[in-house]
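Enquirer: Sharing structure_3.pdb, PDB, C-alpha atoms and all ligand atoms:
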ATOM      1  CA  MET A   1      72.811  56.075 -26.951
ATOM      2  CA  MET A   2      70.087  58.676 -26.368
ATOM      3  CA  THR A   3      68.553  60.453 -29.319
ATOM      4  CA  ASP A   4      66.278  63.446 -29.940
ATOM      5  CA  THR A   5      64.963  61.957 -33.191
ATOM      6  CA  ALA A   6      62.016  59.556 -33.253
ATOM      7  CA  ARG A   7      63.362  56.062 -33.920
ATOM      8  CA  CYS A   8      60.781  53.382 -34.285
ATOM      9  CA  ALA A   9      61.205  49.573 -34.138
ATOM     10  CA  LEU A  10      58.700  47.389 -35.960
ATOM     11  CA  VAL A  11      58.322  43.737 -34.934
ATOM     12  CA  LEU A  12      56.212  41.664 -37.331
ATOM     13  CA  GLY A  13      54.958  38.314 -36.044
ATOM     14  CA  ALA A  14      55.406  39.626 -32.530
ATOM     15  CA  SER A  15      53.701  36.988 -30.419
ATOM     16  CA  GLY A  16      56.174  34.177 -31.159
ATOM     17  CA  GLY A  17      59.141  33.376 -28.929
ATOM     18  CA  LEU A  18      61.659  35.501 -30.814
ATOM     19  CA  GLY A  19      59.148  38.217 -31.711
ATOM     20  CA  THR A  20      58.186  38.804 -28.089
ATOM     21  CA  ALA A  21      61.829  38.820 -26.968
ATOM     22  CA  LEU A  22      62.601  41.439 -29.630
ATOM     23  CA  VAL A  23      59.712  43.603 -28.422
ATOM     24  CA  VAL A  24      61.171  43.435 -24.884
ATOM     25  CA  GLU A  25      64.673  44.176 -26.206
ATOM     26  CA  PHE A  26      63.539  47.289 -28.114
ATOM     27  CA  LEU A  27      61.381  48.518 -25.223
ATOM     28  CA  ALA A  28      64.514  48.490 -23.046
ATOM     29  CA  ASP A  29      66.620  50.294 -25.677
ATOM     30  CA  PRO A  30      66.727  54.039 -24.946
ATOM     31  CA  ALA A  31      67.727  54.732 -28.567
ATOM     32  CA  ILE A  32      64.311  53.407 -29.691
ATOM     33  CA  THR A  33      61.437  55.774 -28.984
ATOM     34  CA  GLN A  34      58.491  53.656 -30.197
ATOM     35  CA  VAL A  35      57.921  49.914 -30.609
ATOM     36  CA  ILE A  36      55.173  48.721 -32.967
ATOM     37  CA  ALA A  37      54.317  45.047 -32.596
ATOM     38  CA  VAL A  38      52.155  43.306 -35.198
ATOM     39  CA  SER A  39      50.602  39.893 -34.676
ATOM     40  CA  ARG A  40      47.549  37.741 -35.325
ATOM     41  CA  LYS A  41      47.181  37.542 -31.553
ATOM     42  CA  GLY A  42      46.699  40.149 -28.845
ATOM     43  CA  GLN A  43      49.566  41.258 -26.616
ATOM     44  CA  PRO A  44      50.761  38.129 -24.728
ATOM     45  CA  LEU A  45      50.044  38.114 -20.983
ATOM     46  CA  SER A  46      53.630  36.897 -20.500
ATOM     47  CA  LEU A  47      54.899  40.202 -21.919
ATOM     48  CA  SER A  48      55.391  42.366 -18.877
ATOM     49  CA  VAL A  49      55.787  46.018 -19.773
ATOM     50  CA  SER A  50      56.972  48.312 -16.995
ATOM     51  CA  ASP A  51      54.984  51.511 -16.379
ATOM     52  CA  ASP A  52      57.761  53.765 -17.661
ATOM     53  CA  VAL A  53      57.628  52.235 -21.165
ATOM     54  CA  THR A  54      53.881  51.463 -21.488
ATOM     55  CA  ASN A  55      53.402  54.377 -23.869
ATOM     56  CA  LYS A  56      56.323  53.214 -25.959
ATOM     57  CA  LEU A  57      54.465  50.082 -27.164
ATOM     58  CA  VAL A  58      51.718  49.926 -29.777
ATOM     59  CA  TRP A  59      50.276  46.442 -30.395
ATOM     60  CA  ILE A  60      48.395  45.892 -33.672
ATOM     61  CA  GLN A  61      46.357  42.749 -34.344
ATOM     62  CA  THR A  62      45.938  41.621 -37.937
ATOM     63  CA  GLU A  63      45.597  38.729 -40.345
ATOM     64  CA  TYR A  64      48.269  38.262 -43.005
ATOM     65  CA  ASP A  65      46.290  38.559 -46.223
ATOM     66  CA  GLU A  66      47.565  41.413 -48.383
ATOM     67  CA  GLN A  67      44.558  43.654 -47.745
ATOM     68  CA  SER A  68      44.904  43.391 -43.938
ATOM     69  CA  MET A  69      48.654  43.973 -44.154
ATOM     70  CA  THR A  70      48.041  47.039 -46.328
ATOM     71  CA  THR A  71      45.723  48.367 -43.618
ATOM     72  CA  VAL A  72      48.474  47.871 -40.995
ATOM     73  CA  VAL A  73      50.918  49.822 -43.150
ATOM     74  CA  GLU A  74      48.345  52.637 -43.528
ATOM     75  CA  GLN A  75      47.900  52.690 -39.715
ATOM     76  CA  ILE A  76      51.621  53.290 -39.163
ATOM     77  CA  GLU A  77      52.155  55.686 -42.083
ATOM     78  CA  GLY A  78      52.822  58.496 -39.611
ATOM     79  CA  HIS A  79      56.148  56.809 -38.764
ATOM     80  CA  ALA A  80      57.404  56.987 -42.361
ATOM     81  CA  GLY A  81      61.077  57.946 -42.389
ATOM     82  CA  ASN A  82      61.482  57.226 -38.669
ATOM     83  CA  ILE A  83      61.543  53.435 -38.739
ATOM     84  CA  ALA A  84      65.084  52.430 -37.738
ATOM     85  CA  ARG A  85      64.557  48.712 -37.081
ATOM     86  CA  VAL A  86      62.290  46.089 -38.642
ATOM     87  CA  CYS A  87      62.262  42.451 -37.517
ATOM     88  CA  ILE A  88      60.221  40.027 -39.622
ATOM     89  CA  CYS A  89      59.713  37.026 -37.368
ATOM     90  CA  HIS A  90      57.264  34.791 -39.226
ATOM     91  CA  GLY A  91      58.099  31.128 -39.448
ATOM     92  CA  LEU A  92      56.289  27.811 -39.453
ATOM     93  CA  LEU A  93      57.951  24.402 -39.103
ATOM     94  CA  HIS A  94      55.192  22.275 -37.617
ATOM     95  CA  SER A  95      51.573  22.549 -36.538
ATOM     96  CA  GLU A  96      48.755  20.230 -35.501
ATOM     97  CA  THR A  97      48.534  19.055 -39.106
ATOM     98  CA  ILE A  98      52.080  19.642 -40.401
ATOM     99  CA  TRP A  99      55.270  17.797 -39.524
ATOM    100  CA  PRO A 100      58.667  18.343 -41.210
ATOM    101  CA  GLU A 101      59.161  15.735 -43.928
ATOM    102  CA  LYS A 102      61.783  13.046 -43.320
ATOM    103  CA  ARG A 103      61.555  11.613 -46.834
ATOM    104  CA  LEU A 104      60.026  12.554 -50.146
ATOM    105  CA  GLU A 105      56.942  10.349 -49.600
ATOM    106  CA  ASP A 106      55.964  12.713 -46.754
ATOM    107  CA  ILE A 107      55.622  15.706 -49.087
ATOM    108  CA  ASN A 108      52.096  17.102 -49.183
ATOM    109  CA  ALA A 109      50.886  19.975 -51.347
ATOM    110  CA  ASP A 110      48.704  21.618 -48.681
ATOM    111  CA  ALA A 111      51.563  21.635 -46.157
ATOM    112  CA  LEU A 112      53.972  23.018 -48.778
ATOM    113  CA  HIS A 113      51.572  25.884 -49.491
ATOM    114  CA  GLU A 114      51.051  26.651 -45.821
ATOM    115  CA  ILE A 115      54.775  26.661 -45.011
ATOM    116  CA  PHE A 116      55.605  28.840 -48.034
ATOM    117  CA  GLN A 117      52.767  31.219 -47.158
ATOM    118  CA  SER A 118      54.128  31.842 -43.664
ATOM    119  CA  ASN A 119      57.877  31.641 -44.329
ATOM    120  CA  THR A 120      58.196  33.233 -47.768
ATOM    121  CA  VAL A 121      54.998  34.945 -48.934
ATOM    122  CA  VAL A 122      54.231  36.953 -45.785
ATOM    123  CA  PRO A 123      57.803  38.359 -45.376
ATOM    124  CA  THR A 124      57.851  39.184 -49.112
ATOM    125  CA  LEU A 125      54.577  41.115 -48.856
ATOM    126  CA  TRP A 126      55.879  43.095 -45.851
ATOM    127  CA  LEU A 127      58.979  44.092 -47.827
ATOM    128  CA  LYS A 128      56.774  45.187 -50.718
ATOM    129  CA  LEU A 129      54.241  47.106 -48.600
ATOM    130  CA  LEU A 130      56.721  48.759 -46.220
ATOM    131  CA  PHE A 131      58.966  50.129 -48.971
ATOM    132  CA  LYS A 132      57.421  53.607 -49.008
ATOM    133  CA  LEU A 133      57.681  53.910 -45.198
ATOM    134  CA  LEU A 134      61.292  52.711 -44.962
ATOM    135  CA  LYS A 135      62.693  54.739 -47.858
ATOM    136  CA  GLY A 136      64.185  57.993 -46.632
ATOM    137  CA  GLU A 137      67.241  59.689 -45.219
ATOM    138  CA  GLU A 138      67.594  57.852 -41.901
ATOM    139  CA  PRO A 139      69.338  54.454 -41.826
ATOM    140  CA  CYS A 140      66.919  51.552 -41.441
ATOM    141  CA  VAL A 141      67.997  47.958 -40.758
ATOM    142  CA  VAL A 142      65.594  45.147 -41.619
ATOM    143  CA  ALA A 143      66.250  41.651 -40.240
ATOM    144  CA  THR A 144      64.207  38.739 -41.557
ATOM    145  CA  MET A 145      64.336  35.529 -39.538
ATOM    146  CA  ASN A 146      65.757  32.783 -41.690
ATOM    147  CA  ALA A 147      67.552  29.578 -40.671
ATOM    148  CA  ARG A 148      70.840  27.863 -41.425
ATOM    149  CA  VAL A 149      68.808  25.039 -43.004
ATOM    150  CA  GLY A 150      67.801  27.564 -45.692
ATOM    151  CA  SER A 151      71.378  27.424 -46.984
ATOM    152  CA  ILE A 152      71.790  25.330 -50.145
ATOM    153  CA  GLY A 153      75.584  25.212 -49.747
ATOM    154  CA  ASP A 154      75.316  23.989 -46.146
ATOM    155  CA  ASN A 155      72.706  21.292 -46.861
ATOM    156  CA  ARG A 156      74.250  17.872 -46.396
ATOM    157  CA  MET A 157      71.431  16.115 -44.543
ATOM    158  CA  GLY A 158      68.338  16.787 -46.670
ATOM    159  CA  GLY A 159      64.870  16.336 -45.174
ATOM    160  CA  TRP A 160      62.528  19.082 -43.919
ATOM    161  CA  HIS A 161      61.787  19.674 -47.608
ATOM    162  CA  SER A 162      59.188  22.420 -47.326
ATOM    163  CA  TYR A 163      60.841  24.360 -44.475
ATOM    164  CA  ARG A 164      64.286  24.289 -46.125
ATOM    165  CA  ALA A 165      62.852  25.232 -49.528
ATOM    166  CA  SER A 166      60.740  28.072 -48.104
ATOM    167  CA  LYS A 167      63.787  29.542 -46.329
ATOM    168  CA  ALA A 168      66.034  29.169 -49.406
ATOM    169  CA  ALA A 169      63.307  30.895 -51.451
ATOM    170  CA  LEU A 170      63.181  33.601 -48.787
ATOM    171  CA  ASN A 171      66.893  34.223 -49.332
ATOM    172  CA  MET A 172      66.354  34.673 -53.063
ATOM    173  CA  VAL A 173      63.538  37.133 -52.370
ATOM    174  CA  LEU A 174      65.765  39.014 -49.922
ATOM    175  CA  GLN A 175      68.634  39.158 -52.419
ATOM    176  CA  ASN A 176      66.251  40.519 -55.073
ATOM    177  CA  MET A 177      64.918  43.030 -52.546
ATOM    178  CA  ALA A 178      68.468  44.064 -51.584
ATOM    179  CA  ILE A 179      69.171  44.872 -55.235
ATOM    180  CA  GLU A 180      65.947  46.863 -55.649
ATOM    181  CA  TYR A 181      66.091  48.599 -52.259
ATOM    182  CA  GLY A 182      69.791  49.271 -53.005
ATOM    183  CA  ARG A 183      68.680  51.236 -56.069
ATOM    184  CA  ARG A 184      65.522  52.867 -54.743
ATOM    185  CA  ALA A 185      66.019  53.114 -50.946
ATOM    186  CA  LYS A 186      69.729  53.374 -50.259
ATOM    187  CA  ASN A 187      69.129  53.985 -46.540
ATOM    188  CA  VAL A 188      67.867  50.418 -46.010
ATOM    189  CA  LYS A 189      70.067  47.460 -45.004
ATOM    190  CA  LEU A 190      68.680  43.918 -45.256
ATOM    191  CA  ILE A 191      69.796  41.005 -43.079
ATOM    192  CA  SER A 192      68.775  37.354 -43.375
ATOM    193  CA  PHE A 193      69.242  36.082 -39.837
ATOM    194  CA  HIS A 194      69.779  32.610 -38.355
ATOM    195  CA  PRO A 195      69.004  32.773 -34.643
ATOM    196  CA  GLY A 196      70.539  29.416 -33.745
ATOM    197  CA  THR A 197      68.370  26.842 -32.020
ATOM    198  CA  THR A 198      66.284  28.922 -29.666
ATOM    199  CA  ASP A 199      63.892  27.827 -26.936
ATOM    200  CA  THR A 200      60.540  28.643 -28.567
ATOM    201  CA  GLY A 201      57.451  26.689 -29.615
ATOM    202  CA  LEU A 202      58.982  26.191 -33.059
ATOM    203  CA  SER A 203      61.987  24.217 -31.780
ATOM    204  CA  LYS A 204      60.241  22.527 -28.823
ATOM    205  CA  PRO A 205      59.746  19.070 -30.404
ATOM    206  CA  PHE A 206      63.406  18.929 -31.509
ATOM    207  CA  GLN A 207      65.188  20.232 -28.427
ATOM    208  CA  ALA A 208      66.157  16.791 -27.058
ATOM    209  CA  ALA A 209      68.709  16.470 -29.875
ATOM    210  CA  VAL A 210      70.350  19.832 -29.120
ATOM    211  CA  PRO A 211      73.758  19.533 -27.428
ATOM    212  CA  SER A 212      73.975  21.000 -23.955
ATOM    213  CA  GLY A 213      74.648  24.752 -23.975
ATOM    214  CA  LYS A 214      73.492  25.099 -27.606
ATOM    215  CA  LEU A 215      69.850  25.928 -26.917
ATOM    216  CA  PHE A 216      69.615  29.709 -26.662
ATOM    217  CA  SER A 217      67.074  31.740 -24.746
ATOM    218  CA  PRO A 218      64.997  34.113 -26.910
ATOM    219  CA  ALA A 219      66.298  37.042 -24.813
ATOM    220  CA  PHE A 220      69.928  36.136 -25.607
ATOM    221  CA  VAL A 221      69.201  35.938 -29.338
ATOM    222  CA  ALA A 222      67.221  39.198 -29.292
ATOM    223  CA  THR A 223      70.178  40.999 -27.708
ATOM    224  CA  ARG A 224      72.606  39.482 -30.219
ATOM    225  CA  LEU A 225      70.381  40.504 -33.149
ATOM    226  CA  SER A 226      69.956  44.008 -31.781
ATOM    227  CA  GLU A 227      73.755  44.371 -31.550
ATOM    228  CA  ILE A 228      74.192  43.023 -35.095
ATOM    229  CA  MET A 229      71.603  45.534 -36.368
ATOM    230  CA  ASP A 230      73.295  48.389 -34.454
ATOM    231  CA  ASN A 231      76.629  47.558 -36.104
ATOM    232  CA  ALA A 232      75.375  46.755 -39.614
ATOM    233  CA  ALA A 233      76.802  48.865 -42.436
ATOM    234  CA  VAL A 234      74.132  50.215 -44.767
ATOM    235  CA  ASP A 235      75.907  48.937 -47.882
ATOM    236  CA  GLY A 236      73.097  47.925 -50.245
ATOM    237  CA  GLU A 237      74.023  44.248 -49.765
ATOM    238  CA  LEU A 238      72.070  41.388 -48.198
ATOM    239  CA  SER A 239      73.921  39.807 -45.246
ATOM    240  CA  TYR A 240      73.103  36.182 -44.335
ATOM    241  CA  VAL A 241      74.471  35.795 -40.827
ATOM    242  CA  ASP A 242      74.000  33.775 -37.678
ATOM    243  CA  TRP A 243      73.442  34.911 -34.075
ATOM    244  CA  ASN A 244      77.210  35.380 -33.717
ATOM    245  CA  GLY A 245      77.394  37.694 -36.724
ATOM    246  CA  GLN A 246      79.164  34.973 -38.759
ATOM    247  CA  PRO A 247      78.299  34.701 -42.473
ATOM    248  CA  ILE A 248      76.462  31.582 -43.691
ATOM    249  CA  PRO A 249      77.114  30.171 -47.191
ATOM    250  CA  TRP A 250      74.224  30.645 -49.592
TER
HETATM  251  N1  LIG B 301      63.426  28.736 -32.633
HETATM  252  C1  LIG B 301      64.424  28.269 -33.365
HETATM  253  O1  LIG B 301      65.177  27.378 -32.933
HETATM  254  C2  LIG B 301      64.668  28.812 -34.756
HETATM  255  C3  LIG B 301      65.782  28.339 -35.460
HETATM  256  C4  LIG B 301      66.017  28.825 -36.744
HETATM  257  C5  LIG B 301      65.171  29.761 -37.293
HETATM  258  N2  LIG B 301      64.081  30.205 -36.579
HETATM  259  C6  LIG B 301      63.202  31.186 -37.216
HETATM  260  O2  LIG B 301      62.945  32.247 -36.317
HETATM  261  C7  LIG B 301      61.651  32.821 -36.596
HETATM  262  C8  LIG B 301      60.852  32.976 -35.318
HETATM  263  O3  LIG B 301      60.502  31.703 -34.843
HETATM  264  P1  LIG B 301      60.218  31.388 -33.301
HETATM  265  O4  LIG B 301      61.255  30.442 -32.883
HETATM  266  O5  LIG B 301      60.000  32.633 -32.541
HETATM  267  O6  LIG B 301      58.863  30.549 -33.471
HETATM  268  P2  LIG B 301      57.424  30.737 -32.827
HETATM  269  O7  LIG B 301      57.514  31.067 -31.402
HETATM  270  O8  LIG B 301      56.667  29.527 -33.241
HETATM  271  O9  LIG B 301      56.861  32.032 -33.608
HETATM  272  C9  LIG B 301      56.433  31.873 -34.934
HETATM  273  C10 LIG B 301      56.120  33.190 -35.561
HETATM  274  O10 LIG B 301      55.644  32.971 -36.876
HETATM  275  C11 LIG B 301      54.403  33.611 -37.086
HETATM  276  N3  LIG B 301      53.528  32.655 -37.771
HETATM  277  C12 LIG B 301      53.205  31.382 -37.409
HETATM  278  N4  LIG B 301      52.366  30.838 -38.297
HETATM  279  C13 LIG B 301      52.151  31.794 -39.236
HETATM  280  C14 LIG B 301      51.354  31.847 -40.411
HETATM  281  N5  LIG B 301      50.616  30.815 -40.816
HETATM  282  N6  LIG B 301      51.371  32.989 -41.145
HETATM  283  C15 LIG B 301      52.129  34.037 -40.775
HETATM  284  N7  LIG B 301      52.880  34.052 -39.658
HETATM  285  C16 LIG B 301      52.888  32.940 -38.903
HETATM  286  C17 LIG B 301      53.842  33.964 -35.710
HETATM  287  O11 LIG B 301      53.241  35.256 -35.831
HETATM  288  P3  LIG B 301      52.034  35.797 -34.909
HETATM  289  O12 LIG B 301      52.654  36.723 -33.915
HETATM  290  O13 LIG B 301      51.150  36.513 -35.835
HETATM  291  O14 LIG B 301      51.399  34.591 -34.263
HETATM  292  C18 LIG B 301      55.076  33.985 -34.833
HETATM  293  O15 LIG B 301      55.607  35.254 -34.736
HETATM  294  C19 LIG B 301      61.024  31.919 -37.668
HETATM  295  O16 LIG B 301      61.243  32.493 -38.945
HETATM  296  C20 LIG B 301      61.832  30.639 -37.562
HETATM  297  O17 LIG B 301      61.838  29.932 -38.783
HETATM  298  C21 LIG B 301      63.812  29.750 -35.327
END
Please, can you express the file's structure as structure tokens?
Ligand SMILES: NC(=O)c1ccc[n+]([C@@H]2O[C@H](COP(=O)([O-])OP(=O)(O)OC[C@H]3O[C@@H](n4cnc5c(N)ncnc54)[C@H](OP(=O)(O)O)[C@@H]3O)[C@@H](O)[C@H]2O)c1
Expert:
Amino acid sequence: MMTDTARCALVLGASGGLGTALVVEFLADPAITQVIAVSRKGQPLSLSVSDDVTNKLVWIQTEYDEQSMTTVVEQIEGHAGNIARVCICHGLLHSETIWPEKRLEDINADALHEIFQSNTVVPTLWLKLLFKLLKGEEPCVVATMNARVGSIGDNRMGGWHSYRASKAALNMVLQNMAIEYGRRAKNVKLISFHPGTTDTGLSKPFQAAVPSGKLFSPAFVATRLSEIMDNAAVDGELSYVDWNGQPIPW
């Protein structure tokens, strides 16, 4: 679909596997006129941008403390009312010092804080700070990357205490936001999205256990999410769905 109106896509946490794939997806979408990518890192060398869409991409480097995030929002204020897509891609499962807990003895306060900061606090701050830019007349769909393991109803295995808890907490934040945005910014639709196991740095250590054909490429998931966002009804409700558009129990 071509459009005369400016329609901007915002990708937050853009240098990760899914973030970068979403940047590529939106750059190729003729209905999107501007892509704003936000990351702690510079534009990845692996991100090849063809000459015809170079001007379509703006890459902003930032830290994720509230003051720095506020500055990012001020930088993109000119797009207020024209932001049609927002993808919040932050997520941490493991690092050099953090490993998902297998049993309660593995729980560590520093790791809990770090995982919650990335998976819950940073997305929450974006939804707070972006409110005034997203509120308007034009429909805006916001997808926050969650995970099926954030479902309480679906949890039969336990483990991964901090990651699961941070994603379940993210769902509560998103539900609260859906209620408040539903009252104060009726043009905004919120989606809590499970990408499925996707071939990125986050899933790398766990990919051996993934059944054949069940490990998705980031490009496949980005296309699926873009289609889900295109077809989402702006209904004031939070949708918790997987890559196939299927609802996940809370
Ligand atoms: N891959 C999977 O199989 C899978 C499955 C289920 C759910 N997910 C979810 O999908 C989302 C994207 O993950 P991915 O697979 O693309 O992983 P990834 O390649 O490791 O990317 C991680 C993303 O999280 C951000 N991030 C990392 N540490 C952070 C921190 N301390 N503070 C703030 N942001 C931080 C990074 O932002 P910068 O650009 O600033 O570095 C990056 O965009 C995550 O929410 C993840 O939980 C992934």
Enquirer: Excluding region 171-175 of chain A and any residue of its chain fewer than 3 positions from it, enumerate the residues within 12 Å of it, using only C-alpha atoms, and give them as a PyMOL selection string.
Expert: chain A and resi 88+119-128+142-152+164-168+178-182+189-194+236-241+248-250
Enquirer: Have a look at CA of Thr197 (chain A) and atom C14 of ligand LIG 301 (chain B) and let me know their distance in Å, one decimal.
Expert: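 Atom-to-atom, CA of Thr197 (chain A) to atom C14 of ligand LIG 301 (chain B), that is 19.6 Å.
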Enquirer: Check the smallest atom-to-atom distance from each of A:Ala28, A:Leu215, A:Ile76, A:Leu130 to ligand LIG 301 (chain B) using all atoms listed in the file, then report the winner.
Expert: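 Selected residue with least distance to ligand LIG 301 (chain B): A:Leu215.
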Enquirer: Can you turn the PyMOL selection byres (((chain A and resi 13) around 6) and not hetatm) into a concrete residue list for this file, as a list in words?
Expert: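 Selected by the PyMOL selection byres (((chain A and resi 13) around 6) and not hetatm) here: Leu12, Ala14, Ser15, Val38, Ser39, Cys89 and His90 of chain A.
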Enquirer: Closest to Ile60 (chain A) among A:Gln75, A:Ser46, A:Thr33, A:Asn231, using only C-alpha atoms?
Expert: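 The shortest atom-to-atom distance to Ile60 (chain A) comes from A:Gln75.
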Enquirer: Which residue, A:Trp99, A:Phe26, A:Phe206, A:Trp160, has the smallest gap to ligand LIG 301 (chain B) when you use only C-alpha atoms and all ligand atoms?
Expert: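 Checking each candidate against ligand LIG 301 (chain B), we get A:Phe206 as the closest.
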Enquirer: For the point (55.2, 25.2, -50.2) in file coordinates, what residues are within 12 Å, counting all atoms listed in the file? Give the answer as a count of residues only?
Expert: 30
Enquirer: Tell me, in Å to one decimal, how far CA of Val58 (chain A) is from CA of Leu134 (chain A).
Expert: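 Taking CA of Val58 (chain A) as the start and CA of Leu134 (chain A) as the end point, the length is 18.2 Å.
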Enquirer: Run the PyMOL selection byres (((chain A and resi 44) around 12) and not hetatm) mentally over the shown coordinates, then write out the matched residues as a ChimeraX atom specification, using the chain letters and numbers from the document.
Expert: /A:14-17,19-21,23-24,37-43,45-49,59,61
Enquirer: When the PyMOL selection byres (((chain A and resi 82) around 12) and not hetatm) is applied to the file above, which residues end up in the set, as a CSV table (one decimal) with C-alpha atoms, keeping the file's coordinate frame?
Expert:
chain,number,residue,atom,x,y,z
A,4,ASP,CA,66.3,63.4,-29.9
A,5,THR,CA,65.0,62.0,-33.2
A,6,ALA,CA,62.0,59.6,-33.3
A,7,ARG,CA,63.4,56.1,-33.9
A,8,CYS,CA,60.8,53.4,-34.3
A,9,ALA,CA,61.2,49.6,-34.1
A,10,LEU,CA,58.7,47.4,-36.0
A,32,ILE,CA,64.3,53.4,-29.7
A,33,THR,CA,61.4,55.8,-29.0
A,34,GLN,CA,58.5,53.7,-30.2
A,35,VAL,CA,57.9,49.9,-30.6
A,76,ILE,CA,51.6,53.3,-39.2
A,77,GLU,CA,52.2,55.7,-42.1
A,78,GLY,CA,52.8,58.5,-39.6
A,79,HIS,CA,56.1,56.8,-38.8
A,80,ALA,CA,57.4,57.0,-42.4
A,81,GLY,CA,61.1,57.9,-42.4
A,83,ILE,CA,61.5,53.4,-38.7
A,84,ALA,CA,65.1,52.4,-37.7
A,85,ARG,CA,64.6,48.7,-37.1
A,86,VAL,CA,62.3,46.1,-38.6
A,132,LYS,CA,57.4,53.6,-49.0
A,133,LEU,CA,57.7,53.9,-45.2
A,134,LEU,CA,61.3,52.7,-45.0
A,135,LYS,CA,62.7,54.7,-47.9
A,136,GLY,CA,64.2,58.0,-46.6
A,137,GLU,CA,67.2,59.7,-45.2
A,138,GLU,CA,67.6,57.9,-41.9
A,139,PRO,CA,69.3,54.5,-41.8
A,140,CYS,CA,66.9,51.6,-41.4
A,141,VAL,CA,68.0,48.0,-40.8
A,187,ASN,CA,69.1,54.0,-46.5
A,188,VAL,CA,67.9,50.4,-46.0
Enquirer: Build an axis-aligned box that encloses every atom of region 81-94 of chain A listed in the file, pad it by 6 Å on each side, and report its centre and edge lengths in Å to one decimal, as lines of an AutoDock Vina configuration file.
Expert:
center_x = 60.1
center_y = 40.1
center_z = -39.7
size_x = 21.9
size_y = 47.7
size_z = 17.3
Enquirer: Check the smallest atom-to-atom distance from each of A:Met229, A:Leu57, A:Cys87, A:Val234 to ligand LIG 301 (chain B) using all atoms listed in the file, then report the winner.
Expert: A:Cys87
Enquirer: So, counting all atoms listed in the file, which residue among A:Gly201, A:Thr97, A:Pro195, A:Ala209 is closest to Thr223 (chain A)?
Expert: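 Among the listed residues, the smallest separation from Thr223 (chain A) belongs to A:Pro195.
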Enquirer: Grab the atom C21 of ligand LIG 301 (chain B) to CA of Ala222 (chain A) distance for me, in Å with one decimal place.
Expert: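 Computed distance, atom C21 of ligand LIG 301 (chain B) to CA of Ala222 (chain A), equals 11.7 Å.
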Enquirer: Which one of A:Ala233, A:Leu104, A:Ala185, A:Val210 sits closest to ligand LIG 301 (chain B) if you count all atoms listed in the file?
Expert: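 Closest to ligand LIG 301 (chain B) of all the choices is A:Val210.
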